[in-house]
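Working notes for the structure below.
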Amino acid sequence: MLFLIYPIIRYNLIVKQIRNLPNRDRISVLIATILLAFTLAKFTNIPEQTINFQAVGIFIPLVINLNTVVALLVTGMTAAGTDWLLRDHPNLGKRSTLPHWVLPAFSAWVIHVALSSLTVSPTWWLAFSLGGFLLLLVIVGEYVLLDTEDIRHPIAELGLNALAYSLFLVMAVSLRSVDVRLFILLPALTIAVGMVSLRILNIGLGEPWPIAQALVSLVVVSQFTAVLHYLPITPIGFGLLLLGLVYGINTFIINLKDEENIRKAAIEPLSVLLAIWLMALVMR
């Protein structure tokens, strides 16, 4: 009898450890609203406005169009919607939801950038569907992270880290593929590095706002981006070179938390960085 009873007991224990999920109606409304904004941005044509100004003697034309408005709209909407969902979590208590906004907002921004760089085609619709699914995964992952005793907590951590790096790669490749100028590329990728590093280091170090550590990644990668911009590299090669650097710096900082020996802390990030850079050189 024991071999029959044990699986049942084990199943019940696992089910109890899978504690909470976001409200289905709320998350459905949020995802549908964001996807609607992506669709309207692609199929609505509004004349763009150009504002010319000078900074440090440099003439800079600032183009404001529907894509700019939608990018700001979906980023803010996703952050607010994530907060709306997390407030319903029974384990939230008095904790701030602010760190949990970063990655969903970044995800919505990247998906919009990627969709705006594609023409309407079966590929665009595939990217549209995949983007909605990824956004759903990110929000659910952030919800799961609020309960450290949930059996899915380690999976959510790994999944959010993987999604953050993947979305950063998509962002870098998308911006490089449309050949934007450096004064647009650099701030966009700098903000992207800051958001990704802040959330990954927050999860890895357990600190609410590891701003000083995130600044290290931000400064180094922004300098590297400025150099790569003028080199004849394919978009995927460009994205992989930046991805390897972001991953290497963040992982090294996290490893230093547990390893007193700098050499041991550097082995994993350096190995992955070299592997990604080798892949980038093959695809250049």
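Following the order of the structure tokens, chains are lettered A, B, ..., residues in each are numbered from 1, and ligands are numbered from 1.
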*Could you give me the residues within segment 22-263 of chain A that DSSP places in strand (DSSP E), as a ChimeraX atom specification?*
/A:49-55,58-64
_I need the helix (DSSP H, G or I) residues of segment 117-268 of chain A per DSSP on the backbone, written as a PyMOL selection string._
chain A and resi 122-145+153-177+182-205+211-228+235-258+262-268
_Please determine, counting only C-alpha atoms, which residue among A:Thr68, A:Ser129, A:Thr148, A:Ser121 has the shortest atom-to-atom distance to Trp109 of chain A._
A:Thr68
I'd like the contact shell of segment 252-255 of chain A - 7 Å cut-off, only C-alpha atoms, skipping same-chain residues fewer than 5 positions apart - returned as a PDB file with C-alpha atoms, in the first residue's frame.
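Final output, saved to result03.pdb:
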ATOM      1  CA  LEU A 201      21.635  42.039  -9.515  1.00  0.00           C
ATOM      2  CA  GLY A 204      21.258  37.654  -7.410  1.00  0.00           C
ATOM      3  CA  LEU A 205      22.464  39.811  -4.524  1.00  0.00           C
ATOM      4  CA  ALA A 265      34.488  34.282  -9.095  1.00  0.00           C
ATOM      5  CA  ALA A 266      35.734  35.162 -12.593  1.00  0.00           C
ATOM      6  CA  PRO A 269      31.540  34.709 -16.338  1.00  0.00           C
TER       7      PRO A 269
END
Who sits within 9 Å of His112 of chain A, only C-alpha atoms, same chain under 3 positions skipped, as a short mmCIF file (atom, residue, chain, number, x, y, z; two decimals) with C-alpha atoms, in the first residue's frame:
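This is the output file result.cif:
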data_model
loop_
_atom_site.label_atom_id
_atom_site.label_comp_id
_atom_site.auth_asym_id
_atom_site.auth_seq_id
_atom_site.Cartn_x
_atom_site.Cartn_y
_atom_site.Cartn_z
CA PHE A 38 1.24 47.45 -30.19
CA ALA A 41 0.96 51.71 -33.26
CA ASN A 67 6.12 54.95 -31.89
CA VAL A 70 3.39 54.20 -27.64
CA ALA A 71 6.81 53.20 -26.24
CA VAL A 74 3.20 50.67 -22.89
CA SER A 107 10.03 43.72 -21.67
CA ALA A 108 7.14 45.79 -23.04
CA TRP A 109 9.58 48.43 -24.31
CA LEU A 115 7.80 45.05 -33.59
CA SER A 116 8.32 48.59 -34.87
CA SER A 117 11.47 47.49 -36.73
CA GLY A 131 6.05 38.97 -27.49
#
